[in-house]
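Just below is one structure, and these are the notes that go with it.
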Amino acid sequence: MTSTITAGIDIGSSAMKTVVVRHGDGAARPAILARQVERLRHRDVKALVDETYDHTLEKAGVRRDEVAYVATTGEGELVSFRTGHFYGMTAHGRGGGELVPEARAVLDIGALHARAMVVDERGRVLRYRMTSQCASGSGQFLESIGRYLGVAAEEIGPLSLEAEKPEKVSSICAVLAETDVINMVSRGIRVKDILKGIHLSMAGRFVKLLEASGAEGTVALTGGLAADIGLAAALREEAARSKASLRFVSRPEAIYAGALGAAIWAHHRLKKLAALGSEAPSP
Amino acid sequence: MKCFVGIDLGSTTTKAVVLDEDGAVLGRGITNSRSNYDVACAVAKGEAFTNVRFSLCSRALPATTSLDSRKRADLIVDLERHFRLAQHRAQLQALRETVEEEIASIEKFYPHAPVKANVAQILDAMEAAAEPLFARGTARRSDFFRDIAASQYHREATKRACPEKLPFEALMAVFDKSILRSENRELALPFERGAGWAIEKSLEAAGLAGAPEADGLREVLRKAFAVEIEIAESVGTGYGRARLPFEKRQIRSEILCHGLGAHRMFAGTRTVLDIGGQDTKAIQVDENGIVTSFQMNDRCAAGCGRYLGYIADEMNLGLHELGPLAQQASRPVRITSTCTVFAGAEIRDRLTLGQKREDILAGLHRAVILRAMSLLARSGGISEEFTFTGGVAKNVTAVAVLRDLVQRNYGKRTLNISPDSIYTGALGAALFALRAGVKAREEEGAAA
């Protein structure tokens with residue numbers, strides 16, 4: 001039995017995600033051999049890409065020349081050794097569908113944008129809706145708020161779950177939020193109530209996006225915020241009020257959905273090229 | 001010594017101005033704002049009082065020594081930098097103590113990474129870097145401990161981080177959490193470890209430690225630090241004014257304070273544009289500096305100083321580097337995003353595409369000033385004499401773009417910018433404090 005190895009690199013505005021994937025011949029699902037996420041935070045992305053890629057290959061036990069295709073999504077230009085690039089929406093739809101096969105919708109919550117996509121059984125995007133051109137309520141927004149409150153990213157979800165009186169937060173500017181949040185703290189509002197309020201306001205917007213895109217049933221959560229259990233709980237609360245019957249599923253690999261989708265599309269492209277009798281283009 | 005204090009608690013910085021009983025400016029102080037307003041206020045005031053003491057020192061020197069004016073100026077510079085070094089070390093120590101308290105809450109998420117040992121090494125490296133930072137003639141990107149510490153820490157963390165074994169975000173999380181708590185502690189810097197130490201060090205640096213006049217100098221300088229400063233009245237203003245540890249009668253709106261402060265700096269002023277960190281104000285004032293109309297943007301960072309601050313962070317530049325860089329632009333680009341965060345992402349794309357940093361920066365400055373122009377128009381236009389205040393007024397490119405657009409839209413106008421324009425709001429507040437003090441004295445007089 002032959003197998004093909006591809007790599008997917010998703011460079012977002014806040015983090016870069018790398019996966020190395022083995023694809024079998026038959027109906028077997030692709031297997032993630034290794035994965036790695038690195039926050040960018042003003043680091044030299046080009047250097048980080050090289051370092052992280054080598055590290056991920058090492059974990060997977062794979063040499064560079066064994067990778068048949070390096071697929072990028074997001075800011076793919078920063079990966080000099082890429083074989084090809086896939087559009088973010090396509091990659092996320094495919095990755096989300098792969099992680100949650102029964103899902104017919106994907107909600108990708110990244111640092112800048114949130115995207116609601118309706119996908120078919122192969123993870124191809126049929127319809128989509130995106131948030132507007134303002135970062136209020138984005139992932140970046142939540143990340144900054146955590147920093148202003150002195151709460152580590154891992155603590156945000158569990159804290160939000162403990163909230164008793166969520167503080168209503170209507171749209172506040174992601175950049176000016178620092179002072180708004182500091183003002184809330186100085187007014188004696190508890191950190192967990194602030195976080196829950198933000199989660200609810202984000203969730204309300206995301207449910208509207210899903211409704212507008214025509215999503216129904218199981219929704220796969222992808223992107224950096226899919227692992228935030230506080231946001232997931234807020235999504236369930238908001239969805240209970242929605243006419244659409246939405247059920248959210250988040251897998252531990254959710255943040256890698258874009259990278260995974262790109263790696264899967266890469267395999268698909270290789271098969272097509274093979275059928276045409278040509279090889280993968282060299283970078 | 002009786003004085004009047006104005007505090008402007010802004011979103012980015014907190015400023016204090018100290019006036020004497022005749023309304024002359026005795027000292028100014030500035031610090032970064034933080035979640036504990038009382039501390040921000042106390043630090044700004046402390047900085048202003050330190051500034052008062054340094055000017056008392058330089059005023060007292062000529063009468064007591066035979067040193068020539070250059071040597072005296074050098075002595076004051078040395079005194080100040082040693083004092084800053086002592087302060088910096090105390091802040092570093094406070095950060096270290098906070099890290100010790102906070103580190104367990106982060107470490108538990110990374111059980112296999114040697115977070116603690118590496119953070120300790122990072123702090124050691126920062127300690128070692130302290131002295132050169134305050135060496136004579138060294139330019140610092142920022143004078144605020146938070147900024148200095150953040151950039152040093154980031155550099156060290158980037159060096160040490162290694163995927164899996166020592167995650168970068170684990171190291172950064174320790175800093176993020178600790179810096180907030182440590183800067184909310186009030187620093188107690190005893191005289192002998194602060195000013196007292198700085199006096200000895202500056203005498204050493206000047207080669208005067210063993211000189212016959214050393215004792216005289218020592219006494220003069222120590223006396224300047226011992227002068228008792230009594231606050232007769234204070235007034236607070238700024239974004240966080242409602243939370244200042246002041247009574248209601250001691251609070252004034254920032255619009256009123258900016259109007260009055262600008263009027264004090266330039267008596268002919270009738271229009272004031274203030275581009276601060278968190279808001280932009282276009283104000284019209286009468287011949288007494290009293291506000292007649294205003295317009296304000298405080299809901300969105302686009303068009304405020306924070307817009308440029310955010311971009312500076314994105315580009316790893318200091319705020320004061322932006323203007324000079326943008327001046328070198330040859331073909332300014334037009335930034336399409338309105339939102340600051342999106343503009344940040346747009347800039348990363350443009351840089352990746354190979355566009356020049358200077359050209360992008362020029363486009364950003366233009367975007368900020370264009371927003372200000374529309375605010376000015378809505379407030380009633382620009383009168384003959386016009387004053388530009390706030391942190392952005394220090395930016396050469398912002399000023400150049402403003403001049404150009406004013407000339408094109410309104411014709412010839414006098415544009416005033418004070419080098420101390422960042423203190424305009426605090427100055428206005430101090431003037432209100434002075435008025436209240438005078439009024440109280442008159443009432444007392446009338447009652448007697």
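By convention here, the chains of the structure tokens are called A, B, ... in the order presented, each chain's residues are numbered starting at 1, and ligands are numbered starting at 1 in the order presented.
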
### Neighbours of chain B in chain A at 10 Å, counting only C-alpha atoms, as a ChimeraX atom specification
/A:12-14,36-44,48,51-52,55-56,75,77-78,111-113,133-136,138,140-141,146-155,171-187

### Query
If we count only C-alpha atoms, what is near range 188-193 of chain A at a cut-off of 7 Å, once residues fewer than 4 positions away on the same chain are taken out, given as JSON, numbers by chain?
{"A": [159, 160, 162, 163, 164, 165, 166, 167, 184, 197]}

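Taking only C-alpha atoms, the non-local environment of Ala211 in chain B within 12 Å (same-chain residues fewer than 5 positions away omitted) comprises B:Thr65, B:Ser66, B:Leu67, B:Leu203, B:Glu204, B:Ala206, B:Gly216, B:Leu217, B:Arg218.
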
Proximity check range 172-238 of chain B to range 429-434 of chain B, 8 Å, nearest pairs one decimal Å, only C-alpha atoms, as a Markdown table:
```
| residue | atom | partner | partner_atom | distance |
| --- | --- | --- | --- | --- |
| B:Glu233 | CA | B:Ala433 | CA | 5.5 |
| B:Ser234 | CA | B:Ala433 | CA | 5.2 |
| B:Val235 | CA | B:Ala433 | CA | 5.3 |
| B:Gly236 | CA | B:Ala429 | CA | 6.1 |
| B:Thr237 | CA | B:Ala429 | CA | 6.5 |
```

Could you please take those selected residues and save N, CA and C atoms as a compact mmCIF listing (two decimals), in the first residue's frame?
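Listing of again.txt after writing:
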```
# COMPACT_ATOMS: atom_id res chain seq x y z
N GLU B 233 -4.28 72.70 46.41
CA GLU B 233 -5.50 72.26 45.74
C GLU B 233 -5.11 71.42 44.52
N SER B 234 -5.91 70.40 44.21
CA SER B 234 -5.67 69.68 42.95
C SER B 234 -6.98 69.51 42.18
N VAL B 235 -6.84 69.43 40.85
CA VAL B 235 -7.99 69.18 39.98
C VAL B 235 -7.59 68.08 39.00
N GLY B 236 -8.54 67.19 38.74
CA GLY B 236 -8.27 66.08 37.84
C GLY B 236 -9.13 66.17 36.59
N THR B 237 -8.57 65.65 35.48
CA THR B 237 -9.33 65.61 34.23
C THR B 237 -8.88 64.39 33.44
```

### Message
Using only C-alpha atoms, which protein or nucleic acid residues come within 7 Å of range 228-230 of chain A? Drop anything in the same chain fewer than 4 positions from it, and give the result as a list in words.
### Response
Gly157, Pro158, Ser160, Leu161, His199 and Ala234 of chain A

Go ahead and save the picked residues with N, CA and C atoms, as a short mmCIF file (atom, residue, chain, number, x, y, z; two decimals), in the first residue's frame.
```cif
data_model
loop_
_atom_site.label_atom_id
_atom_site.label_comp_id
_atom_site.auth_asym_id
_atom_site.auth_seq_id
_atom_site.Cartn_x
_atom_site.Cartn_y
_atom_site.Cartn_z
N GLY A 157 -11.53 30.71 29.09
CA GLY A 157 -12.72 29.86 29.01
C GLY A 157 -13.24 29.44 30.39
N PRO A 158 -12.39 28.79 31.20
CA PRO A 158 -12.85 28.34 32.52
C PRO A 158 -13.38 29.49 33.38
N SER A 160 -14.80 32.30 32.33
CA SER A 160 -16.07 32.74 31.78
C SER A 160 -17.21 31.82 32.22
N LEU A 161 -16.90 30.52 32.34
CA LEU A 161 -17.93 29.55 32.75
C LEU A 161 -18.41 29.83 34.18
N HIS A 199 -17.90 37.08 25.60
CA HIS A 199 -18.24 35.82 24.92
C HIS A 199 -19.67 35.86 24.38
N ALA A 234 -21.24 30.02 25.46
CA ALA A 234 -22.01 31.19 25.06
C ALA A 234 -22.72 30.95 23.73
#
```
